[in-house]
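Asker: This is target23.cif, which holds mmCIF, C-alpha atoms:
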```cif
data_target
loop_
_atom_site.group_PDB
_atom_site.id
_atom_site.type_symbol
_atom_site.label_atom_id
_atom_site.label_comp_id
_atom_site.auth_asym_id
_atom_site.auth_seq_id
_atom_site.Cartn_x
_atom_site.Cartn_y
_atom_site.Cartn_z
ATOM 1 C CA MET W 1 -46.175 22.787 37.760
ATOM 2 C CA CYS W 2 -47.571 22.514 34.284
ATOM 3 C CA PHE W 3 -45.358 21.366 31.373
ATOM 4 C CA ARG W 4 -46.538 22.629 28.018
ATOM 5 C CA PHE W 5 -45.124 20.888 24.959
ATOM 6 C CA ASN W 6 -43.720 23.371 22.459
ATOM 7 C CA LEU W 7 -43.043 21.762 19.091
ATOM 8 C CA ALA W 8 -40.915 24.633 17.755
ATOM 9 C CA ASN W 9 -38.588 24.636 20.760
ATOM 10 C CA SER W 10 -38.327 20.852 20.740
ATOM 11 C CA LEU W 11 -37.303 20.919 17.086
ATOM 12 C CA ARG W 12 -34.669 23.571 17.803
ATOM 13 C CA GLY W 13 -33.322 21.395 20.609
ATOM 14 C CA VAL W 14 -33.098 18.393 18.272
ATOM 15 C CA ALA W 15 -31.348 20.531 15.619
ATOM 16 C CA LEU W 16 -28.812 21.795 18.162
ATOM 17 C CA ALA W 17 -28.196 18.265 19.489
ATOM 18 C CA LEU W 18 -27.644 16.970 15.959
ATOM 19 C CA LEU W 19 -25.255 19.793 15.104
ATOM 20 C CA VAL W 20 -23.222 19.431 18.291
ATOM 21 C CA GLY W 21 -23.292 15.609 18.117
ATOM 22 C CA GLY W 22 -22.132 15.404 14.485
ATOM 23 C CA LEU W 23 -19.433 18.029 14.903
ATOM 24 C CA GLY W 24 -18.314 16.584 18.247
ATOM 25 C CA LEU W 25 -18.009 13.031 16.899
ATOM 26 C CA TRP W 26 -16.026 14.275 13.897
ATOM 27 C CA LEU W 27 -13.662 16.320 16.093
ATOM 28 C CA ALA W 28 -13.315 13.505 18.640
ATOM 29 C CA THR W 29 -12.200 10.990 15.998
ATOM 30 C CA GLY W 30 -9.560 13.252 14.499
ATOM 31 C CA ALA W 31 -11.387 15.740 12.216
ATOM 32 C CA HIS W 32 -10.685 13.538 9.160
ATOM 33 C CA LEU W 33 -11.336 15.488 5.935
ATOM 34 C CA GLY W 34 -12.078 12.390 3.821
ATOM 35 C CA PHE W 35 -14.982 9.969 4.029
ATOM 36 C CA THR W 36 -15.637 7.750 7.067
ATOM 37 C CA GLN W 37 -13.116 4.962 7.665
ATOM 38 C CA THR W 38 -13.957 1.685 9.366
ATOM 39 C CA SER W 39 -10.376 0.489 9.623
ATOM 40 C CA VAL W 40 -7.240 2.320 10.624
ATOM 41 C CA VAL W 41 -3.594 1.744 9.804
ATOM 42 C CA THR W 42 -0.696 1.804 12.240
ATOM 43 C CA MET W 43 2.813 1.684 10.840
ATOM 44 C CA LYS W 44 5.228 -0.851 12.297
ATOM 45 C CA ARG W 45 8.842 -1.713 11.521
ATOM 46 C CA ASP W 46 10.262 -5.150 10.843
ATOM 47 C CA GLU W 47 13.462 -5.302 12.894
ATOM 48 C CA ILE W 48 15.518 -7.480 10.568
ATOM 49 C CA THR W 49 14.662 -5.985 7.187
ATOM 50 C CA GLY W 50 13.921 -2.437 8.374
ATOM 51 C CA ILE W 51 10.716 -2.472 6.333
ATOM 52 C CA ASP W 52 7.960 -0.163 7.526
ATOM 53 C CA TYR W 53 4.669 -1.950 7.088
ATOM 54 C CA PRO W 54 1.044 -1.046 7.700
ATOM 55 C CA GLU W 55 -0.994 -3.003 10.205
ATOM 56 C CA ARG W 56 -4.694 -2.549 9.547
ATOM 57 C CA ARG W 57 -7.196 -3.016 12.366
ATOM 58 C CA ALA W 58 -10.881 -2.276 12.829
ATOM 59 C CA GLY W 59 -11.467 1.277 13.977
ATOM 60 C CA PHE W 60 -13.906 4.092 13.384
ATOM 61 C CA VAL W 61 -12.912 7.500 12.047
ATOM 62 C CA ALA W 62 -15.825 9.813 11.313
ATOM 63 C CA GLY W 63 -15.590 11.398 7.882
ATOM 64 C CA ILE W 64 -16.537 14.845 6.640
ATOM 65 C CA GLU W 65 -20.074 13.582 5.932
ATOM 66 C CA PHE W 66 -20.777 13.622 9.708
ATOM 67 C CA PRO W 67 -20.439 17.396 10.360
ATOM 68 C CA LEU W 68 -21.861 18.243 6.905
ATOM 69 C CA GLY W 69 -24.793 15.832 7.247
ATOM 70 C CA SER W 70 -25.609 16.921 10.788
ATOM 71 C CA ALA W 71 -25.377 20.599 9.784
ATOM 72 C CA GLY W 72 -27.734 19.964 6.855
ATOM 73 C CA ALA W 73 -30.191 18.069 9.045
ATOM 74 C CA ALA W 74 -29.974 20.826 11.701
ATOM 75 C CA ILE W 75 -30.798 23.511 9.098
ATOM 76 C CA ILE W 76 -33.831 21.548 7.837
ATOM 77 C CA ILE W 77 -35.123 20.938 11.371
ATOM 78 C CA SER W 78 -34.571 24.618 12.278
ATOM 79 C CA LEU W 79 -36.651 25.649 9.252
ATOM 80 C CA LEU W 80 -39.366 23.232 10.379
ATOM 81 C CA SER W 81 -39.253 24.827 13.835
ATOM 82 C CA LEU W 82 -39.821 28.264 12.236
ATOM 83 C CA ALA W 83 -42.794 26.849 10.361
ATOM 84 C CA ALA W 84 -44.141 25.412 13.620
ATOM 85 C CA ASP W 85 -43.720 28.840 15.266
ATOM 86 C CA ARG W 86 -45.721 30.526 12.524
ATOM 87 C CA ARG W 87 -48.459 27.893 12.813
ATOM 88 C CA ASN W 88 -48.647 28.495 16.574
ATOM 89 C CA SER W 89 -48.819 32.270 16.068
ATOM 90 C CA ALA W 90 -51.536 31.918 13.434
ATOM 91 C CA ALA W 91 -53.546 29.682 15.763
ATOM 92 C CA MET Z 1 51.208 -35.686 -11.882
ATOM 93 C CA LYS Z 2 49.066 -37.030 -9.028
ATOM 94 C CA ILE Z 3 51.050 -34.991 -6.534
ATOM 95 C CA GLN Z 4 50.559 -31.863 -8.617
ATOM 96 C CA LEU Z 5 46.818 -32.458 -8.743
ATOM 97 C CA LEU Z 6 46.662 -33.061 -5.000
ATOM 98 C CA ALA Z 7 48.637 -29.892 -4.381
ATOM 99 C CA ARG Z 8 46.182 -27.942 -6.506
ATOM 100 C CA LEU Z 9 43.118 -29.517 -4.907
ATOM 101 C CA PRO Z 10 42.700 -26.883 -2.167
ATOM 102 C CA LEU Z 11 42.913 -24.163 -4.824
ATOM 103 C CA LEU Z 12 40.331 -25.944 -6.937
ATOM 104 C CA LEU Z 13 38.016 -26.356 -3.969
ATOM 105 C CA ALA Z 14 38.457 -22.713 -3.031
ATOM 106 C CA ALA Z 15 37.658 -21.676 -6.585
ATOM 107 C CA LEU Z 16 34.562 -23.870 -6.563
ATOM 108 C CA GLY Z 17 33.545 -22.370 -3.232
ATOM 109 C CA LEU Z 18 34.032 -18.853 -4.551
ATOM 110 C CA SER Z 19 32.017 -19.566 -7.667
ATOM 111 C CA ALA Z 20 29.251 -21.020 -5.500
ATOM 112 C CA GLN Z 21 29.345 -17.876 -3.329
ATOM 113 C CA ALA Z 22 29.214 -15.591 -6.337
ATOM 114 C CA ALA Z 23 26.407 -17.472 -8.055
ATOM 115 C CA PRO Z 24 23.180 -15.535 -8.513
ATOM 116 C CA LEU Z 25 20.626 -16.130 -5.771
ATOM 117 C CA THR Z 26 16.920 -16.474 -6.392
ATOM 118 C CA PHE Z 27 14.834 -14.679 -3.785
ATOM 119 C CA ASP Z 28 11.231 -15.685 -3.199
ATOM 120 C CA PHE Z 29 9.018 -12.696 -2.286
ATOM 121 C CA LYS Z 30 6.111 -14.660 -0.862
ATOM 122 C CA ASP Z 31 6.422 -13.360 2.687
ATOM 123 C CA PRO Z 32 5.014 -15.577 5.442
ATOM 124 C CA LYS Z 33 5.251 -12.698 7.936
ATOM 125 C CA GLY Z 34 2.928 -10.480 5.890
ATOM 126 C CA VAL Z 35 5.314 -7.550 6.064
ATOM 127 C CA ASN Z 36 5.762 -7.003 2.322
ATOM 128 C CA ASN Z 37 3.576 -4.146 1.248
ATOM 129 C CA VAL Z 38 2.746 -1.565 -1.342
ATOM 130 C CA GLN Z 39 1.192 1.711 -0.256
ATOM 131 C CA PHE Z 40 -0.644 3.941 -2.688
ATOM 132 C CA SER Z 41 -1.902 7.478 -2.380
ATOM 133 C CA LEU Z 42 -3.983 9.709 -4.615
ATOM 134 C CA ASP Z 43 -4.441 13.385 -3.921
ATOM 135 C CA ALA Z 44 -7.580 14.739 -5.617
ATOM 136 C CA PRO Z 45 -9.198 18.123 -4.861
ATOM 137 C CA LEU Z 46 -12.144 16.569 -2.983
ATOM 138 C CA GLU Z 47 -10.508 13.543 -1.411
ATOM 139 C CA SER Z 48 -7.093 12.191 -0.561
ATOM 140 C CA ILE Z 49 -7.084 8.424 -0.779
ATOM 141 C CA THR Z 50 -4.455 6.233 0.813
ATOM 142 C CA GLY Z 51 -4.453 2.472 0.778
ATOM 143 C CA THR Z 52 -2.374 -0.636 1.051
ATOM 144 C CA GLY Z 53 -1.770 -3.945 -0.656
ATOM 145 C CA THR Z 54 -0.063 -6.902 0.963
ATOM 146 C CA GLY Z 55 -0.607 -9.872 -1.365
ATOM 147 C CA ILE Z 56 2.878 -9.860 -2.858
ATOM 148 C CA SER Z 57 4.686 -12.758 -4.502
ATOM 149 C CA GLY Z 58 7.252 -13.330 -7.243
ATOM 150 C CA SER Z 59 10.957 -13.935 -7.451
ATOM 151 C CA VAL Z 60 14.113 -11.978 -8.194
ATOM 152 C CA THR Z 61 17.465 -13.375 -9.253
ATOM 153 C CA PHE Z 62 20.176 -11.207 -7.754
ATOM 154 C CA ASP Z 63 23.929 -11.612 -7.866
ATOM 155 C CA PRO Z 64 25.689 -9.413 -5.271
ATOM 156 C CA ALA Z 65 28.817 -9.511 -7.420
ATOM 157 C CA GLN Z 66 26.912 -8.527 -10.547
ATOM 158 C CA PRO Z 67 23.808 -6.565 -9.540
ATOM 159 C CA ALA Z 68 23.305 -5.189 -13.046
ATOM 160 C CA ALA Z 69 22.310 -8.695 -14.148
ATOM 161 C CA THR Z 70 19.310 -8.748 -11.798
ATOM 162 C CA LYS Z 71 16.114 -10.146 -13.272
ATOM 163 C CA GLY Z 72 12.757 -10.952 -11.801
ATOM 164 C CA LYS Z 73 9.045 -10.442 -11.525
ATOM 165 C CA ILE Z 74 6.969 -9.078 -8.665
ATOM 166 C CA ILE Z 75 3.250 -9.847 -8.519
ATOM 167 C CA LEU Z 76 0.623 -8.030 -6.456
ATOM 168 C CA ASP Z 77 -2.706 -9.748 -5.808
ATOM 169 C CA THR Z 78 -5.250 -7.014 -6.595
ATOM 170 C CA LYS Z 79 -7.759 -8.505 -4.132
ATOM 171 C CA SER Z 80 -5.371 -7.523 -1.330
ATOM 172 C CA LEU Z 81 -5.652 -3.820 -2.196
ATOM 173 C CA THR Z 82 -7.741 -1.973 0.342
ATOM 174 C CA VAL Z 83 -8.586 1.449 1.760
ATOM 175 C CA GLY Z 84 -10.143 2.487 5.071
ATOM 176 C CA ASN Z 85 -13.625 3.138 3.682
ATOM 177 C CA PRO Z 86 -15.431 -0.138 2.824
ATOM 178 C CA MET Z 87 -17.609 1.378 0.073
ATOM 179 C CA MET Z 88 -14.558 2.942 -1.538
ATOM 180 C CA ALA Z 89 -12.732 -0.396 -1.277
ATOM 181 C CA ASP Z 90 -15.608 -2.092 -3.122
ATOM 182 C CA HIS Z 91 -15.483 0.575 -5.834
ATOM 183 C CA LEU Z 92 -11.689 0.212 -6.095
ATOM 184 C CA ARG Z 93 -11.985 -3.533 -6.719
ATOM 185 C CA GLY Z 94 -15.080 -3.218 -8.919
ATOM 186 C CA GLY Z 95 -15.393 -3.405 -12.695
ATOM 187 C CA ASN Z 96 -15.178 0.362 -13.261
ATOM 188 C CA TRP Z 97 -11.812 0.676 -11.551
ATOM 189 C CA LEU Z 98 -9.364 -2.227 -11.048
ATOM 190 C CA ASP Z 99 -11.804 -5.001 -12.013
ATOM 191 C CA VAL Z 100 -10.056 -7.525 -9.765
ATOM 192 C CA ALA Z 101 -12.374 -10.358 -10.826
ATOM 193 C CA ASN Z 102 -10.949 -10.236 -14.363
ATOM 194 C CA HIS Z 103 -7.510 -8.800 -13.553
ATOM 195 C CA PRO Z 104 -6.347 -10.576 -10.396
ATOM 196 C CA ALA Z 105 -2.727 -9.363 -10.544
ATOM 197 C CA ILE Z 106 -0.583 -6.298 -11.069
ATOM 198 C CA THR Z 107 2.882 -7.329 -12.228
ATOM 199 C CA PHE Z 108 6.247 -5.721 -12.748
ATOM 200 C CA GLU Z 109 8.857 -7.620 -14.713
ATOM 201 C CA ALA Z 110 12.425 -6.312 -14.556
ATOM 202 C CA VAL Z 111 14.143 -6.355 -17.944
ATOM 203 C CA SER Z 112 17.379 -4.464 -17.343
ATOM 204 C CA LEU Z 113 19.183 -2.358 -14.759
ATOM 205 C CA THR Z 114 21.077 0.827 -15.495
ATOM 206 C CA ASN Z 115 22.876 3.349 -13.325
ATOM 207 C CA VAL Z 116 23.862 0.810 -10.681
ATOM 208 C CA PRO Z 117 25.939 2.452 -7.940
ATOM 209 C CA THR Z 118 26.733 0.146 -4.993
ATOM 210 C CA GLN Z 119 27.375 1.321 -1.442
ATOM 211 C CA GLY Z 120 28.202 -1.513 0.938
ATOM 212 C CA ASN Z 121 25.301 -3.948 0.741
ATOM 213 C CA VAL Z 122 22.965 -1.410 -0.902
ATOM 214 C CA VAL Z 123 22.561 -1.180 -4.658
ATOM 215 C CA ASN Z 124 20.569 1.673 -6.145
ATOM 216 C CA ALA Z 125 19.474 1.163 -9.699
ATOM 217 C CA GLU Z 126 17.112 2.346 -12.344
ATOM 218 C CA VAL Z 127 15.131 -0.729 -13.275
ATOM 219 C CA ALA Z 128 13.586 -0.831 -16.715
ATOM 220 C CA GLY Z 129 10.699 -3.208 -16.922
ATOM 221 C CA LYS Z 130 7.151 -3.927 -17.910
ATOM 222 C CA LEU Z 131 4.337 -2.894 -15.569
ATOM 223 C CA THR Z 132 0.984 -4.555 -16.184
ATOM 224 C CA VAL Z 133 -2.125 -3.061 -14.588
ATOM 225 C CA LYS Z 134 -5.669 -4.095 -15.567
ATOM 226 C CA GLY Z 135 -4.343 -6.011 -18.553
ATOM 227 C CA VAL Z 136 -2.403 -3.056 -19.997
ATOM 228 C CA THR Z 137 1.393 -3.380 -20.157
ATOM 229 C CA LYS Z 138 3.654 -0.324 -20.224
ATOM 230 C CA ASP Z 139 7.419 0.015 -20.316
ATOM 231 C CA MET Z 140 8.600 1.856 -17.212
ATOM 232 C CA LYS Z 141 11.789 2.900 -15.488
ATOM 233 C CA VAL Z 142 11.601 2.664 -11.710
ATOM 234 C CA PRO Z 143 14.282 3.701 -9.212
ATOM 235 C CA VAL Z 144 14.808 0.723 -6.893
ATOM 236 C CA SER Z 145 17.140 0.182 -3.954
ATOM 237 C CA PHE Z 146 18.295 -3.396 -3.311
ATOM 238 C CA THR Z 147 19.613 -4.183 0.163
ATOM 239 C CA HIS Z 148 21.332 -7.562 0.371
ATOM 240 C CA LEU Z 149 21.326 -9.036 3.893
ATOM 241 C CA PRO Z 150 23.528 -12.145 3.872
ATOM 242 C CA ASP Z 151 22.706 -14.899 6.397
ATOM 243 C CA LYS Z 152 19.755 -13.002 7.900
ATOM 244 C CA LEU Z 153 16.996 -15.454 7.008
ATOM 245 C CA GLY Z 154 17.372 -17.408 10.262
ATOM 246 C CA ALA Z 155 17.009 -14.254 12.351
ATOM 247 C CA ARG Z 156 13.934 -13.256 10.366
ATOM 248 C CA VAL Z 157 12.120 -16.545 10.876
ATOM 249 C CA ASN Z 158 13.385 -16.867 14.468
ATOM 250 C CA ASP Z 159 15.134 -20.133 13.683
ATOM 251 C CA PRO Z 160 18.949 -20.028 13.676
ATOM 252 C CA LYS Z 161 19.022 -23.427 11.949
ATOM 253 C CA VAL Z 162 17.527 -21.864 8.818
ATOM 254 C CA LYS Z 163 20.303 -20.524 6.622
ATOM 255 C CA GLY Z 164 19.873 -18.062 3.826
ATOM 256 C CA ASP Z 165 19.992 -14.484 2.620
ATOM 257 C CA LEU Z 166 17.423 -11.735 2.431
ATOM 258 C CA LEU Z 167 16.983 -9.117 -0.269
ATOM 259 C CA VAL Z 168 15.025 -5.955 0.545
ATOM 260 C CA LEU Z 169 13.604 -3.919 -2.323
ATOM 261 C CA ARG Z 170 12.339 -0.376 -1.916
ATOM 262 C CA ALA Z 171 10.836 1.762 -4.660
ATOM 263 C CA ASN Z 172 8.868 4.995 -4.816
ATOM 264 C CA PHE Z 173 7.344 5.992 -8.123
ATOM 265 C CA THR Z 174 4.292 7.485 -9.764
ATOM 266 C CA ILE Z 175 1.953 6.110 -12.399
ATOM 267 C CA ASN Z 176 -0.914 7.667 -14.287
ATOM 268 C CA ARG Z 177 -4.157 5.685 -14.130
ATOM 269 C CA ALA Z 178 -5.154 6.891 -17.607
ATOM 270 C CA ASP Z 179 -2.094 5.096 -19.060
ATOM 271 C CA PHE Z 180 -3.650 1.816 -17.935
ATOM 272 C CA GLY Z 181 -7.163 2.577 -19.111
ATOM 273 C CA ILE Z 182 -8.536 3.110 -15.596
ATOM 274 C CA GLN Z 183 -11.380 5.605 -16.090
ATOM 275 C CA PRO Z 184 -9.198 8.042 -18.070
ATOM 276 C CA GLY Z 185 -10.229 11.644 -17.469
ATOM 277 C CA LYS Z 186 -13.183 10.658 -15.289
ATOM 278 C CA ASN Z 187 -13.901 11.574 -11.638
ATOM 279 C CA THR Z 188 -10.659 13.547 -11.414
ATOM 280 C CA ASP Z 189 -12.124 15.738 -8.649
ATOM 281 C CA LYS Z 190 -12.431 12.690 -6.380
ATOM 282 C CA VAL Z 191 -9.833 10.267 -7.747
ATOM 283 C CA ALA Z 192 -6.509 11.803 -8.805
ATOM 284 C CA GLU Z 193 -5.027 10.882 -12.187
ATOM 285 C CA THR Z 194 -1.575 10.277 -10.712
ATOM 286 C CA ILE Z 195 -1.001 7.535 -8.165
ATOM 287 C CA GLN Z 196 2.025 7.564 -5.868
ATOM 288 C CA LEU Z 197 3.276 4.073 -5.131
ATOM 289 C CA SER Z 198 5.658 3.045 -2.394
ATOM 290 C CA LEU Z 199 6.910 -0.527 -2.418
ATOM 291 C CA SER Z 200 8.784 -2.175 0.483
ATOM 292 C CA ILE Z 201 9.337 -5.896 0.126
ATOM 293 C CA ALA Z 202 11.753 -8.557 1.320
ATOM 294 C CA GLY Z 203 12.593 -11.825 -0.396
ATOM 295 C CA ALA Z 204 14.292 -14.903 0.982
ATOM 296 C CA ALA Z 205 16.873 -17.198 -0.606
ATOM 297 C CA PRO Z 206 17.258 -20.252 1.642
ATOM 298 C CA LYS Z 207 20.533 -22.162 1.518
ATOM 299 C CA ALA Z 208 20.498 -25.948 1.521
#
```
Could you express the structure from this file as structure tokens?

Answerer:
Amino acid sequence: MCFRFNLANSLRGVALALLVGGLGLWLATGAHLGFTQTSVVTMKRDEITGIDYPERRAGFVAGIEFPLGSAGAAIIISLLSLAADRRNSAA
Amino acid sequence: MKIQLLARLPLLLAALGLSAQAAPLTFDFKDPKGVNNVQFSLDAPLESITGTGTGISGSVTFDPAQPAATKGKIILDTKSLTVGNPMMADHLRGGNWLDVANHPAITFEAVSLTNVPTQGNVVNAEVAGKLTVKGVTKDMKVPVSFTHLPDKLGARVNDPKVKGDLLVLRANFTINRADFGIQPGKNTDKVAETIQLSLSIAGAAPKA
């Protein structure tokens, strides 16, 4: 069996992986519409005073830049794959 | 004469006791449990920002029998203000925004209380005072609820030997960043002009 490397298809695969990866990570961490957060807040209540207070701990929440950035990168790589296709056809 | 004085002694002692009970208490808002907090939120078209501040100190003199005479000052350490995004937190504390290096505190000093209805141990009042942010002081009226919790300090610090009262203050109000010279009219698509503030703090007045 002979495996022939196809640059255009490889680029399309990378673009698809980026798109799915970026969108998947964003959805998996809560589809946060703001920028990426590296700490998250959980609200707790002090029993005696009844005060609700935030407890901040390290945590990762992917921001909107993940799906947007991965979509942008996927578009650029897809365009490169088209260019690679044309180069192959011309050759 | 001596007999008369002796007969009146219990009354005198009771009166002294009552006056001691009714004396104004000074509550210290430096909270060792780290529960005292201010939460802020800004809703701009491109980004909603929420954050917290926990470095609260100050003192309030509160008389349960005369809540309208309440006075005090609450201080927020600006370095304790933070948001979930580290770059945004750096910007928040930086020279263009809160400039925490030169303005280490946000303060509110209560001057007078009006509209002071009391329900049980809860006093709701409109507190007129001076709010200072980034070196700019403005007169403000803030609706505040005071909850007096007598003899609850021991339970709070898990030591029944510690005697004292607690005073819980809650306030929700809005300020405009432009009023305090914080980038007026700039970046309004990302950083809203109005800032919603929610304050929940408890102070302690230990008894000797």

Asker: In Å, rounded to a single decimal, give me how far CA of Ser198 (chain Z) is from CA of Gly154 (chain Z).

Answerer: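 Taking CA of Gly154 (chain Z) and CA of Ser198 (chain Z), their separation equals 26.8 Å.
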
Asker: Counting all atoms listed in the file, what is within 8 Å of Ala83 (chain W), bar same-chain residues fewer than 4 positions away, as an MDAnalysis selection string?

Answerer: chainID W and resid 8 79 87

Asker: Is there a way to get, as a list of chain:residue names, all residues within 9 Å of the point (3.6, -3.1, 0.5) in file coordinates, counting all atoms listed in the file?

Answerer: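 Every residue inside that radius is included here: W:Asp52, W:Tyr53, W:Pro54, Z:Val35, Z:Asn36, Z:Asn37, Z:Val38, Z:Gln39, Z:Phe40, Z:Thr52, Z:Gly53, Z:Thr54, Z:Gly55, Z:Ile56, Z:Ser198, Z:Leu199, Z:Ser200, Z:Ile201.
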
Asker: Please report the interatomic distance between CA of Gly30 (chain W) and CA of Ala74 (chain W) in Å with one decimal.

Answerer: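 These atoms are spaced 22.0 Å apart.
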
Asker: Counting all atoms listed in the file, which residues from chain W have an atom at most 8 Å from any atom of chain Z, and could you show them as an MDAnalysis selection string?

Answerer: chainID W and resid 33:40 46 48:49 51:54
